[in-house]
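Novice: Got a structure for you, upload34.cif, holding mmCIF, C-alpha atoms.
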```cif
data_structure
loop_
_atom_site.label_atom_id
_atom_site.label_comp_id
_atom_site.auth_asym_id
_atom_site.auth_seq_id
_atom_site.Cartn_x
_atom_site.Cartn_y
_atom_site.Cartn_z
CA MET A 89 103.97 147.66 70.58
CA CYS A 90 105.18 145.30 73.27
CA LEU A 91 108.02 144.07 71.09
CA ALA A 92 111.33 144.11 72.90
CA VAL A 93 114.75 143.08 71.64
CA PRO A 94 117.61 141.45 73.56
CA GLY A 95 120.93 143.29 73.55
CA LYS A 96 124.26 143.43 75.40
CA VAL A 97 125.18 146.43 77.53
CA VAL A 98 128.59 147.68 76.35
CA GLU A 99 128.84 151.09 78.06
CA LEU A 100 127.22 153.03 80.91
CA HIS A 101 126.75 156.79 81.32
CA GLU A 102 124.40 159.39 82.76
CA ALA A 103 122.24 161.91 80.88
CA ASN A 104 119.83 164.42 82.46
CA GLY A 105 120.17 162.54 85.73
CA LEU A 106 119.15 159.19 84.19
CA LEU A 107 121.23 156.02 84.05
CA MET A 108 121.81 155.35 80.35
CA GLY A 109 123.87 152.84 78.41
CA THR A 110 124.95 151.78 74.96
CA VAL A 111 123.36 148.48 74.00
CA ASP A 112 124.66 146.26 71.20
CA PHE A 113 122.10 144.35 69.11
CA GLY A 114 124.28 141.95 67.11
CA GLY A 115 126.47 144.77 65.78
CA VAL A 116 123.99 147.65 65.77
CA GLN A 117 124.42 149.92 68.79
CA ARG A 118 121.84 152.24 70.36
CA GLU A 119 121.52 154.30 73.48
CA ALA A 120 118.97 153.03 76.02
CA CYS A 121 117.69 154.10 79.41
CA LEU A 122 118.75 151.66 82.15
CA GLU A 123 116.93 153.30 85.09
CA TYR A 124 114.67 150.25 85.48
CA VAL A 125 117.59 147.79 85.65
CA PRO A 126 119.88 149.70 88.04
CA GLU A 127 121.99 146.62 88.90
CA THR A 128 123.07 146.12 85.29
CA GLN A 129 126.79 145.79 84.59
CA ILE A 130 128.71 146.04 81.33
CA GLY A 131 128.45 142.66 79.56
CA ASP A 132 124.95 141.87 80.87
CA TYR A 133 122.09 141.14 78.47
CA VAL A 134 118.91 143.19 78.79
CA ILE A 135 115.69 143.39 76.84
CA ILE A 136 114.92 146.78 75.28
CA HIS A 137 111.47 148.23 74.63
CA VAL A 138 111.07 151.75 73.11
CA GLY A 139 114.55 152.75 74.29
CA PHE A 140 114.23 151.36 77.83
CA ALA A 141 115.62 148.20 79.37
CA ILE A 142 112.63 146.54 81.06
CA SER A 143 114.34 143.37 82.28
CA GLN A 144 117.73 141.77 82.66
CA ILE A 145 118.06 138.39 80.95
CA SER A 146 118.89 135.50 83.27
CA GLU A 147 121.60 133.42 81.62
CA GLN A 148 120.93 130.56 84.06
CA GLU A 149 117.20 130.43 83.30
CA ALA A 150 117.91 130.64 79.56
CA GLN A 151 120.30 127.66 79.70
CA GLU A 152 117.95 125.59 81.88
CA THR A 153 115.00 126.18 79.53
CA LEU A 154 117.02 125.36 76.42
CA ALA A 155 118.37 122.17 78.03
CA LEU A 156 114.83 121.10 78.87
CA LEU A 157 113.55 121.79 75.36
CA ARG A 158 116.54 120.00 73.80
CA GLU A 159 115.68 116.95 75.89
CA ILE A 160 112.14 117.01 74.47
CA ALA A 161 113.48 117.39 70.91
CA ASP A 162 116.03 114.59 71.42
CA PHE A 163 113.29 112.33 72.73
CA GLU A 164 111.38 113.14 69.56
CA SER A 165 114.31 112.18 67.29
CA GLU A 166 114.77 108.90 69.18
CA ILE A 167 111.19 107.75 68.75
CA GLY A 168 110.43 109.36 65.37
CA PRO A 169 107.78 111.92 64.45
CA GLU A 170 104.85 109.54 64.86
CA GLY A 171 105.45 109.07 68.56
CA GLY A 172 104.20 105.69 69.65
CA VAL A 173 105.85 105.36 73.04
CA ALA A 174 103.34 103.83 75.42
CA MET B 183 122.14 136.84 67.83
CA LYS B 184 122.40 135.60 71.40
CA HIS B 185 119.10 135.14 73.26
CA LEU B 186 117.24 135.29 69.94
CA SER B 187 118.43 132.88 67.23
CA GLU B 188 118.38 129.83 69.53
CA TYR B 189 114.63 130.37 69.96
CA ARG B 190 114.08 130.15 66.19
CA ASP B 191 115.64 126.68 65.85
CA ALA B 192 113.28 124.68 63.64
CA GLY B 193 114.47 121.34 65.05
CA LEU B 194 113.71 122.36 68.63
CA VAL B 195 110.34 123.87 67.68
CA GLY B 196 109.46 120.66 65.81
CA GLY B 197 110.37 118.61 68.87
CA VAL B 198 108.11 120.67 71.12
CA LEU B 199 105.26 120.52 68.56
CA SER B 200 105.53 116.71 68.51
CA GLU B 201 105.36 116.68 72.30
CA ILE B 202 102.19 118.79 72.09
CA GLU B 203 100.76 116.25 69.65
CA ARG B 204 101.58 113.39 72.01
CA THR B 205 100.02 115.25 74.93
CA VAL B 206 96.72 116.42 73.45
CA THR B 207 93.67 114.13 73.59
CA GLN B 208 90.75 116.54 73.01
CA PRO B 209 89.98 119.98 71.51
CA TRP B 210 91.18 123.08 73.35
CA VAL B 211 90.81 126.81 72.62
CA ILE B 212 93.82 128.86 73.73
CA MET B 213 94.12 132.64 73.44
CA GLU B 214 97.40 134.45 72.98
CA ILE B 215 96.85 137.85 74.59
CA CYS B 216 99.48 139.81 72.78
CA GLY B 217 99.38 140.98 69.17
CA GLY B 218 103.15 140.58 68.95
CA GLN B 219 102.62 136.88 69.64
CA THR B 220 99.84 136.74 67.02
CA HIS B 221 102.25 138.03 64.38
CA SER B 222 104.97 135.59 65.42
CA ILE B 223 102.46 132.71 65.26
CA VAL B 224 101.08 133.61 61.83
CA ARG B 225 104.51 134.53 60.38
CA SER B 226 106.07 131.23 61.48
CA GLY B 227 102.93 129.24 60.59
CA LEU B 228 102.84 127.72 64.09
CA ASP B 229 99.03 127.74 64.09
CA GLN B 230 99.03 125.50 61.00
CA LEU B 231 101.63 123.13 62.45
CA LEU B 232 99.72 122.47 65.67
CA PRO B 233 97.56 119.37 65.99
CA PRO B 234 93.99 120.07 64.80
CA GLU B 235 92.64 119.77 68.35
CA ILE B 236 94.27 123.06 69.30
CA GLU B 237 92.71 126.31 68.15
CA LEU B 238 94.53 129.57 68.81
CA VAL B 239 92.35 132.68 69.06
CA HIS B 240 93.84 136.13 68.99
CA GLY B 241 93.56 138.46 71.94
CA PRO B 242 93.13 142.20 72.48
CA GLY B 243 96.81 142.87 73.20
CA CYS B 244 97.33 145.46 70.52
CA PRO B 245 97.36 148.94 72.05
CA VAL B 246 97.10 150.64 68.67
CA CYS B 247 93.97 148.56 67.95
CA VAL B 248 92.17 149.26 71.21
CA THR B 249 92.91 152.98 71.54
CA PRO B 250 89.39 154.46 71.36
CA ILE B 251 88.44 156.37 68.23
CA GLU B 252 87.49 159.39 70.37
CA LEU B 253 91.10 159.66 71.50
CA ILE B 254 92.40 159.30 67.93
CA ASP B 255 90.07 162.15 66.96
CA LYS B 256 91.44 164.21 69.89
CA ALA B 257 94.96 163.44 68.72
CA LEU B 258 94.05 164.65 65.22
CA ALA B 259 92.59 167.87 66.66
CA ILE B 260 95.60 168.56 68.89
CA ALA B 261 98.09 167.68 66.13
CA SER B 262 96.39 170.24 63.88
CA GLN B 263 97.21 173.14 66.25
CA PRO B 264 99.96 175.32 64.73
CA GLU B 265 102.04 175.57 67.92
CA VAL B 266 102.11 171.78 68.42
CA ILE B 267 104.76 169.22 67.58
CA PHE B 268 102.76 166.00 67.86
CA THR B 269 104.88 162.93 68.58
CA SER B 270 103.87 159.29 68.45
CA TYR B 271 105.05 155.74 68.01
CA GLY B 272 104.98 155.06 64.26
CA ASP B 273 102.11 152.58 64.32
CA MET B 274 99.58 155.24 65.31
CA LEU B 275 100.01 157.45 62.25
CA ARG B 276 97.81 155.43 59.91
CA VAL B 277 95.12 154.43 62.42
CA PRO B 278 91.83 155.80 61.14
CA GLY B 279 89.93 158.23 63.32
CA SER B 280 86.55 159.40 62.05
CA GLY B 281 87.68 159.45 58.43
CA ARG B 282 91.19 160.88 58.83
CA ASP B 283 94.52 159.84 60.29
CA LEU B 284 97.70 161.53 61.53
CA PHE B 285 99.29 161.18 58.08
CA ASN B 286 96.46 163.37 56.69
CA VAL B 287 97.17 165.95 59.40
CA ARG B 288 100.84 165.93 58.44
CA ALA B 289 99.95 166.28 54.73
CA ASP B 290 97.85 169.33 55.66
CA GLY B 291 100.86 170.99 57.30
CA GLY B 292 100.64 169.61 60.85
CA ASP B 293 103.95 168.91 62.56
CA VAL B 294 103.57 165.19 63.30
CA ARG B 295 106.72 163.25 64.11
CA VAL B 296 107.50 159.61 64.87
CA VAL B 297 109.71 159.01 67.89
CA TYR B 298 111.50 155.82 68.86
CA SER B 299 111.33 156.52 72.60
CA PRO B 300 109.27 158.92 74.74
CA LEU B 301 112.58 160.39 75.96
CA ASP B 302 113.06 161.60 72.35
CA ALA B 303 109.83 163.60 72.75
CA VAL B 304 111.13 165.13 76.00
CA LYS B 305 114.35 166.08 74.17
CA LEU B 306 112.26 167.73 71.43
CA ALA B 307 110.51 169.81 74.11
CA GLN B 308 113.88 170.87 75.55
CA ASP B 309 115.17 171.81 72.09
CA ASN B 310 111.99 173.69 71.05
CA PRO B 311 111.01 175.89 74.01
CA ASP B 312 108.70 178.02 71.82
CA ARG B 313 106.64 174.99 70.69
CA GLN B 314 104.27 172.64 72.55
CA VAL B 315 105.39 169.01 72.31
CA VAL B 316 102.63 166.45 72.79
CA PHE B 317 103.35 162.72 73.06
CA PHE B 318 100.65 160.12 72.32
CA ALA B 319 101.20 157.88 75.37
CA ILE B 320 99.46 154.67 74.38
CA GLY B 321 100.29 151.15 75.41
CA PHE B 322 99.91 148.25 77.80
CA GLU B 323 101.91 147.71 80.99
CA THR B 324 105.09 147.14 78.93
CA THR B 325 105.09 150.70 77.62
CA ALA B 326 103.89 152.39 80.82
CA PRO B 327 107.35 152.62 82.46
CA PRO B 328 108.90 154.48 79.48
CA ASN B 329 105.87 156.76 79.14
CA ALA B 330 105.77 157.42 82.90
CA MET B 331 109.50 158.20 82.89
CA SER B 332 108.97 160.87 80.23
CA VAL B 333 106.41 162.65 82.43
CA ALA B 334 108.57 162.35 85.58
CA GLN B 335 111.53 163.63 83.60
CA ALA B 336 109.56 166.61 82.20
CA LYS B 337 108.53 167.49 85.76
CA LYS B 338 112.10 167.18 87.03
CA LEU B 339 113.38 169.39 84.20
CA GLY B 340 110.56 171.92 84.80
CA LEU B 341 109.32 171.68 81.19
CA LYS B 342 106.16 173.72 80.59
CA ASN B 343 105.87 172.70 76.91
CA TYR B 344 105.58 168.91 77.27
CA SER B 345 102.34 167.00 77.68
CA VAL B 346 100.99 163.51 77.05
CA LEU B 347 97.73 162.25 75.58
CA VAL B 348 97.27 159.11 77.69
CA SER B 349 95.53 155.93 76.57
CA HIS B 350 97.03 153.28 78.80
CA VAL B 351 95.37 149.90 79.18
CA ARG B 352 96.01 146.91 81.47
CA VAL B 353 95.81 143.20 80.67
CA PRO B 354 94.20 141.63 83.78
CA PRO B 355 90.86 143.53 83.50
CA ALA B 356 90.66 142.51 79.81
CA MET B 357 91.14 138.86 80.81
CA HIS B 358 88.28 139.25 83.31
CA ALA B 359 86.10 140.75 80.54
CA ILE B 360 86.88 137.90 78.10
CA LEU B 361 86.50 135.06 80.61
CA GLY B 362 83.39 136.58 82.18
CA SER B 363 81.58 136.94 78.84
CA PRO B 364 78.68 134.52 78.22
CA TYR B 365 80.13 133.96 74.74
CA ASN B 366 83.60 133.09 76.00
CA ARG B 367 85.35 130.15 74.26
CA VAL B 368 88.81 130.59 75.78
CA GLN B 369 89.99 127.69 77.96
CA GLY B 370 93.59 128.71 78.52
CA PHE B 371 95.79 131.79 78.09
CA LEU B 372 99.26 132.54 76.86
CA ALA B 373 100.00 135.64 78.96
CA ALA B 374 102.00 138.43 77.33
CA GLY B 375 105.67 137.98 78.20
CA HIS B 376 106.77 141.60 78.12
CA VAL B 377 103.76 142.86 80.07
CA CYS B 378 104.83 140.34 82.71
CA ALA B 379 108.49 141.44 82.46
CA VAL B 380 107.25 144.72 83.95
CA MET B 381 104.34 143.58 86.16
CA GLY B 382 105.38 140.04 87.07
CA TYR B 383 102.57 137.50 87.26
CA TRP B 384 101.38 137.93 90.84
CA GLU B 385 98.10 139.42 89.51
CA TYR B 386 97.14 136.24 87.61
CA PRO B 387 96.54 133.44 90.20
CA PRO B 388 93.18 134.93 91.34
CA ILE B 389 92.04 135.09 87.68
CA ALA B 390 93.12 131.48 87.05
CA GLU B 391 91.30 130.35 90.20
CA ARG B 392 88.12 132.30 89.58
CA TYR B 393 87.61 131.13 85.99
CA ARG B 394 89.33 127.71 86.41
CA VAL B 395 91.84 128.22 83.58
CA PRO B 396 95.59 127.78 83.12
CA ILE B 397 97.56 130.94 82.34
CA VAL B 398 101.13 130.55 81.06
CA VAL B 399 103.53 133.49 80.73
CA THR B 400 104.91 133.17 77.20
CA GLY B 401 107.58 134.85 75.08
CA PHE B 402 107.62 135.85 71.43
CA GLU B 403 109.94 133.62 69.43
CA PRO B 404 108.52 130.44 67.85
CA LEU B 405 110.22 128.20 70.44
CA ASP B 406 108.90 130.39 73.29
CA ILE B 407 105.36 130.19 71.94
CA ALA B 408 105.56 126.43 71.31
CA GLN B 409 106.79 125.99 74.90
CA GLY B 410 103.95 128.19 76.22
CA ILE B 411 101.37 126.15 74.30
CA LEU B 412 102.90 122.87 75.52
CA GLU B 413 102.70 123.99 79.16
CA THR B 414 99.12 125.20 78.68
CA VAL B 415 98.06 121.93 77.02
CA ARG B 416 99.74 119.87 79.74
CA MET B 417 97.79 121.82 82.38
CA LEU B 418 94.51 121.56 80.44
CA GLU B 419 94.90 117.82 79.90
CA ALA B 420 95.73 117.30 83.59
CA GLY B 421 92.80 119.49 84.68
CA LYS B 422 95.23 121.85 86.41
CA VAL B 423 94.34 125.45 87.16
CA GLY B 424 97.04 128.01 87.88
CA VAL B 425 99.83 130.14 86.47
CA GLY B 426 102.95 128.86 84.71
CA ASN B 427 106.02 130.67 83.42
CA ALA B 428 107.45 129.65 80.04
CA TYR B 429 109.55 132.84 79.78
CA ALA B 430 111.70 132.53 82.90
CA ARG B 431 114.82 134.07 81.34
CA ILE B 432 112.98 137.43 81.24
CA VAL B 433 110.07 137.23 83.69
CA THR B 434 109.99 136.83 87.47
CA GLU B 435 106.85 136.53 89.59
CA ALA B 436 107.46 139.94 91.19
CA GLY B 437 108.31 141.69 87.93
CA ASN B 438 110.33 144.89 87.65
CA GLN B 439 110.00 146.70 90.99
CA PRO B 440 111.51 150.09 90.02
CA ALA B 441 109.21 150.19 86.96
CA GLN B 442 106.10 149.33 89.00
CA ALA B 443 107.07 152.02 91.54
CA LEU B 444 107.25 154.77 88.91
CA ILE B 445 103.98 153.65 87.28
CA GLU B 446 102.38 153.88 90.72
CA ARG B 447 103.80 157.38 91.28
CA VAL B 448 102.68 158.78 87.89
CA PHE B 449 99.48 156.88 87.03
CA GLU B 450 96.27 155.81 88.79
CA ASN B 451 93.63 153.28 87.75
CA CYS B 452 90.61 154.42 85.74
CA ASP B 453 87.81 152.96 83.61
CA ARG B 454 88.88 152.85 79.97
CA LYS B 455 87.03 152.43 76.71
CA TRP B 456 88.60 149.86 74.36
CA ARG B 457 87.97 150.42 70.67
CA GLY B 458 85.45 147.91 69.35
CA ILE B 459 84.88 146.39 72.79
CA GLY B 460 83.52 149.15 75.02
CA VAL B 461 84.29 150.34 78.53
CA ILE B 462 86.13 147.84 80.73
CA PRO B 463 86.00 148.92 84.38
CA ASP B 464 89.33 149.78 86.01
CA SER B 465 91.21 148.74 82.87
CA GLY B 466 93.24 151.88 82.26
CA TRP B 467 95.77 154.22 83.75
CA ARG B 468 95.52 158.01 83.75
CA LEU B 469 97.83 160.68 85.12
CA ARG B 470 97.62 161.32 88.85
CA GLU B 471 96.64 164.79 90.07
CA ALA B 472 100.29 165.55 90.89
CA PHE B 473 101.06 165.30 87.16
CA ALA B 474 97.84 166.89 85.84
CA GLU B 475 99.78 169.81 84.31
CA PHE B 476 101.19 167.32 81.76
CA ASP B 477 97.77 166.13 80.57
CA ALA B 478 97.25 167.12 76.93
CA GLU B 479 93.48 166.51 77.22
CA THR B 480 93.12 169.42 79.65
CA ARG B 481 95.73 171.60 77.93
CA TRP B 482 93.62 171.60 74.72
CA ASP B 483 89.86 171.87 74.81
CA VAL B 484 88.87 169.16 72.33
CA ALA B 485 86.08 167.48 74.27
CA ASP B 486 83.12 167.62 71.87
CA ILE B 487 83.98 165.12 69.17
CA GLN B 488 81.38 162.68 67.81
CA PRO B 489 83.29 159.70 66.44
CA GLN B 490 82.11 157.53 63.56
CA GLU B 491 83.26 153.94 63.10
CA SER B 492 83.07 151.93 59.88
CA PRO B 493 79.91 149.75 60.03
CA LEU B 494 81.75 146.95 58.16
CA CYS B 495 84.59 146.46 60.66
CA ILE B 496 84.36 143.50 63.09
CA ALA B 497 87.60 144.31 64.94
CA GLY B 498 85.81 144.36 68.30
CA GLU B 499 84.70 140.73 67.98
CA ILE B 500 88.15 139.71 66.75
CA LEU B 501 89.83 141.42 69.72
CA GLN B 502 87.60 139.46 72.12
CA GLY B 503 88.40 136.14 70.47
CA LEU B 504 84.80 135.73 69.26
CA LYS B 505 85.68 135.90 65.57
CA LYS B 506 88.83 135.56 63.49
CA PRO B 507 90.03 137.82 60.66
CA LEU B 508 88.85 135.52 57.86
CA ASP B 509 85.29 135.73 59.25
CA CYS B 510 85.24 139.34 57.98
CA PRO B 511 83.85 139.80 54.45
CA ALA B 512 85.69 143.13 54.09
CA ILE B 513 89.22 141.77 54.68
CA GLY B 514 91.38 142.14 51.58
CA VAL B 515 88.45 143.76 49.73
CA GLU B 516 87.28 147.04 51.30
CA CYS B 517 89.88 146.72 54.07
CA THR B 518 93.61 146.58 53.29
CA PRO B 519 96.73 148.01 55.01
CA GLU B 520 96.63 150.90 52.49
CA HIS B 521 92.94 151.61 53.19
CA PRO B 522 92.19 150.16 56.63
CA LEU B 523 88.66 150.25 58.04
CA GLY B 524 89.84 149.37 61.53
CA ALA B 525 93.00 149.48 63.57
CA THR B 526 93.54 145.70 63.52
CA MET B 527 94.51 146.08 59.84
CA VAL B 528 97.00 148.88 60.59
CA SER B 529 99.08 147.92 63.55
CA SER B 530 102.16 145.76 63.29
CA GLU B 531 100.40 143.76 66.01
CA GLY B 532 96.89 143.71 64.56
CA ALA B 533 95.46 140.25 63.83
CA CYS B 534 93.99 141.33 60.45
CA ALA B 535 97.33 142.83 59.39
CA ALA B 536 99.04 139.54 60.29
CA TYR B 537 96.62 137.49 58.15
CA TYR B 538 96.95 139.95 55.25
CA ARG B 539 100.73 140.24 55.42
CA TYR B 540 101.48 136.52 55.72
CA GLY B 541 99.28 135.39 52.84
CA ARG B 542 96.26 134.05 54.71
CA VAL B 543 93.76 136.26 52.83
CA PRO B 544 92.90 134.71 49.43
CA GLU B 545 92.08 138.05 47.76
CA ALA B 546 95.39 139.50 48.91
CA GLY B 547 97.45 136.64 47.47
#
```
Kindly return the structure encoded in the file as structure tokens.
Specialist:
Amino acid sequence: MCLAVPGKVVELHEANGLLMGTVDFGGVQREACLEYVPETQIGDYVIIHVGFAISQISEQEAQETLALLREIADFESEIGPEGGVA
Amino acid sequence: MKHLSEYRDAGLVGGVLSEIERTVTQPWVIMEICGGQTHSIVRSGLDQLLPPEIELVHGPGCPVCVTPIELIDKALAIASQPEVIFTSYGDMLRVPGSGRDLFNVRADGGDVRVVYSPLDAVKLAQDNPDRQVVFFAIGFETTAPPNAMSVAQAKKLGLKNYSVLVSHVRVPPAMHAILGSPYNRVQGFLAAGHVCAVMGYWEYPPIAERYRVPIVVTGFEPLDIAQGILETVRMLEAGKVGVGNAYARIVTEAGNQPAQALIERVFENCDRKWRGIGVIPDSGWRLREAFAEFDAETRWDVADIQPQESPLCIAGEILQGLKKPLDCPAIGVECTPEHPLGATMVSSEGACAAYYRYGRVPEAG
């Protein structure tokens, strides 16, 4: 139920007084309600749950996390799978 | 796909798993709250790749699983009314009530429809002014903003033919119930990332302090989950209590303010019964008085229903982390996705369904 999928906002419009948008999920496009992410601009990434954007994705946080995890993985490949660093 | 495929990178996941192995020195029991995480863990085999010291137990974060049988029976009764178009997220259709499910109602001529979003149900009400559209508003905090928006929207549009059958539940009271149990085994939590996308994690520090546990906000892809486990294990090994965030690209401490504001306007706290577990005080949301006209439970008089659960099903103990699916003698025998005894075998987030689907049940192989 709490599954949510990242997508890119490619268009904004209004319907029944609600801020809506077209969101692209790797080629598949769907309409979503953007009322809960009112700052969103075209080109931003959001995470969609049952037709609603519930959060905007922070590109900076994503890059920082991935850099950190790559460091851990690189450390692993340097010392081998058995570890052994005192 | 951006913001998805990079978190399925086997090399990175392997690196984080090795770091977990280097960090761990003693056995730890960690619970993932959310059923979506359970499925990701079992599908990717993460639980089998972890060092043997770490045991993952599966939490109650499956709204379809914990929706009380009384409410399913009410849904069946309302959906059987000839004037009703009953709408629901797809997962709910096969959940057994006392012997029947919503598919049976549909087979008997009931107008039961699956919707992708609650706004689709509102649209149905606009397009069918001579019918009563009822939406089965289940879910945790993640789903509350969409469900609340549908009610606010119906009020704004002046719809008299839209109502919701509400079964909303909240995570923090369930964590209190699990950690406060004399049988509790859980020493650390992976908090549900999308619940926290909405609510933030400002509610969790008092829980971490009170029960002396680490709680780490965690996402859903294998790399997210590996990172969440690593942070939890680091805190456990260091004897640290507190709240961490391993899903910072999505979750902030404050959460989504506009979403919390609409939840607050539409819903109020209430005691809620969780299927298989019992009543957890203050663990639910119900409609506020200002929105009472949209409450399907008062619109249809279906109060006197005596539910009957399968005596074989141990879903309640599984949802509390006391047992695991393979402890159940019925799994894969009397209980399968085609003939489920309990909701944990039905839902796409149910722990039993995960074990069955990903080949962990010998009889199902």
Novice: List, as a CSV table (one decimal) with C-alpha atoms, in the coordinates of the input, every residue that the PyMOL selection byres ((chain B) within 8 of (chain A)) selects in the file provided.
Specialist:
```
chain,number,residue,atom,x,y,z
B,183,MET,CA,122.1,136.8,67.8
B,184,LYS,CA,122.4,135.6,71.4
B,185,HIS,CA,119.1,135.1,73.3
B,186,LEU,CA,117.2,135.3,69.9
B,193,GLY,CA,114.5,121.3,65.0
B,194,LEU,CA,113.7,122.4,68.6
B,195,VAL,CA,110.3,123.9,67.7
B,196,GLY,CA,109.5,120.7,65.8
B,197,GLY,CA,110.4,118.6,68.9
B,198,VAL,CA,108.1,120.7,71.1
B,200,SER,CA,105.5,116.7,68.5
B,201,GLU,CA,105.4,116.7,72.3
B,204,ARG,CA,101.6,113.4,72.0
B,216,CYS,CA,99.5,139.8,72.8
B,218,GLY,CA,103.2,140.6,69.0
B,244,CYS,CA,97.3,145.5,70.5
B,245,PRO,CA,97.4,148.9,72.0
B,246,VAL,CA,97.1,150.6,68.7
B,298,TYR,CA,111.5,155.8,68.9
B,299,SER,CA,111.3,156.5,72.6
B,300,PRO,CA,109.3,158.9,74.7
B,321,GLY,CA,100.3,151.2,75.4
B,322,PHE,CA,99.9,148.2,77.8
B,324,THR,CA,105.1,147.1,78.9
B,325,THR,CA,105.1,150.7,77.6
B,328,PRO,CA,108.9,154.5,79.5
B,376,HIS,CA,106.8,141.6,78.1
B,377,VAL,CA,103.8,142.9,80.1
B,379,ALA,CA,108.5,141.4,82.5
B,380,VAL,CA,107.2,144.7,84.0
B,409,GLN,CA,106.8,126.0,74.9
B,430,ALA,CA,111.7,132.5,82.9
B,431,ARG,CA,114.8,134.1,81.3
B,432,ILE,CA,113.0,137.4,81.2
B,433,VAL,CA,110.1,137.2,83.7
B,438,ASN,CA,110.3,144.9,87.6
B,440,PRO,CA,111.5,150.1,90.0
B,441,ALA,CA,109.2,150.2,87.0
B,530,SER,CA,102.2,145.8,63.3
B,531,GLU,CA,100.4,143.8,66.0
```
Novice: I need the output of the PyMOL selection byres ((chain A and resi 109) around 8) for this file as a list in words; which residues are they?
Specialist: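 Those residues are Val97, Val98, Glu99, Leu100, His101, Glu102, Leu107, Met108, Thr110, Val111, Glu119, Ala120, Cys121 and Leu122 of chain A.
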Novice: Quick one: residues within 7 Å of stretch 228-242 of chain B, all atoms listed in the file, excluding same-chain residues fewer than 5 positions away - as a count of residues only?
Specialist: 18
Novice: What is the atom CA of B:Ile202-atom CA of B:Glu499 distance in Å, reported with one decimal?
Specialist: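 Taking atom CA of B:Ile202 and atom CA of B:Glu499, their separation equals 28.4 Å.
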Novice: Suppose a student applies the PyMOL selection byres ((chain B and resi 281) around 10) to this structure; what residues should they get, written as a PDB file with C-alpha atoms, in the coordinates of the input?
Specialist:
```
ATOM      1  CA  ASP B 255      90.070 162.150  66.960  1.00  0.00           C
ATOM      2  CA  VAL B 277      95.120 154.430  62.420  1.00  0.00           C
ATOM      3  CA  PRO B 278      91.830 155.800  61.140  1.00  0.00           C
ATOM      4  CA  GLY B 279      89.930 158.230  63.320  1.00  0.00           C
ATOM      5  CA  SER B 280      86.550 159.400  62.050  1.00  0.00           C
ATOM      6  CA  ARG B 282      91.190 160.880  58.830  1.00  0.00           C
ATOM      7  CA  ASP B 283      94.520 159.840  60.290  1.00  0.00           C
ATOM      8  CA  ASN B 286      96.460 163.370  56.690  1.00  0.00           C
ATOM      9  CA  PRO B 489      83.290 159.700  66.440  1.00  0.00           C
ATOM     10  CA  GLN B 490      82.110 157.530  63.560  1.00  0.00           C
ATOM     11  CA  GLU B 491      83.260 153.940  63.100  1.00  0.00           C
ATOM     12  CA  SER B 492      83.070 151.930  59.880  1.00  0.00           C
ATOM     13  CA  LEU B 523      88.660 150.250  58.040  1.00  0.00           C
TER      14      LEU B 523
END
```
Novice: Could you check which of B:Ala259, B:Ala336, B:Leu405, B:Leu347 is closest to B:Glu188, using only C-alpha atoms?
Specialist: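 Comparing B:Ala259, B:Ala336, B:Leu405, B:Leu347 against B:Glu188, the winner is B:Leu405.
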Novice: One decimal, in Å: what's the spacing between atom CA of B:Met357 and atom CA of B:Gly382?
Specialist: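 Going from atom CA of B:Met357 over to atom CA of B:Gly382, I get 15.6 Å.
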Novice: Pick out the residues sitting within 9 Å of B:Ser262, and hand them over as a list of chain:residue names; count all atoms listed in the file, and ignore anything fewer than 3 positions along from it in its own chain.
Specialist: B:Ala257, B:Leu258, B:Ala259, B:Glu265, B:Val266, B:Phe268, B:Val287, B:Arg288, B:Asp290, B:Gly291, B:Gly292, B:Asp293, B:Val294
Novice: For B:Glu323, work out the shell of residues within 8 Å, counting only C-alpha atoms and skipping chain neighbours fewer than 3 positions away, then give it as a list in words.
Specialist: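 Near B:Glu323, the qualifying residues are Ala326, Pro327, His350, Val351, Arg352, Val353, Val377, Val380 and Met381 of chain B.
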Novice: Just C-alpha atoms for this one: save the residues we selected as a compact mmCIF listing (two decimals), keeping the file's coordinate frame.
Specialist:
```
# COMPACT_ATOMS: atom_id res chain seq x y z
CA ALA B 326 103.89 152.39 80.82
CA PRO B 327 107.35 152.62 82.46
CA HIS B 350 97.03 153.28 78.80
CA VAL B 351 95.37 149.90 79.18
CA ARG B 352 96.01 146.91 81.47
CA VAL B 353 95.81 143.20 80.67
CA VAL B 377 103.76 142.86 80.07
CA VAL B 380 107.25 144.72 83.95
CA MET B 381 104.34 143.58 86.16
```
Novice: How far is it from atom CA of B:Lys342 to atom CA of B:Ile254, in Å with one decimal?
Specialist: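 Here the two named atoms are 23.6 Å from each other.
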Novice: Which residues are close to B:Thr249, i.e. within 7 Å by only C-alpha atoms, leaving aside same-chain residues fewer than 2 positions away? Reply as JSON, numbers by chain.
Specialist: {"B": [245, 246, 247, 251, 253, 349, 456, 457]}
Novice: Have a look at B:Glu413, B:Asp477, B:Glu403, B:Glu435 and name the one nearest to B:Pro387; count only C-alpha atoms.
Specialist: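 Of B:Glu413, B:Asp477, B:Glu403, B:Glu435, the one nearest B:Pro387, counting only C-alpha atoms, is B:Glu435.
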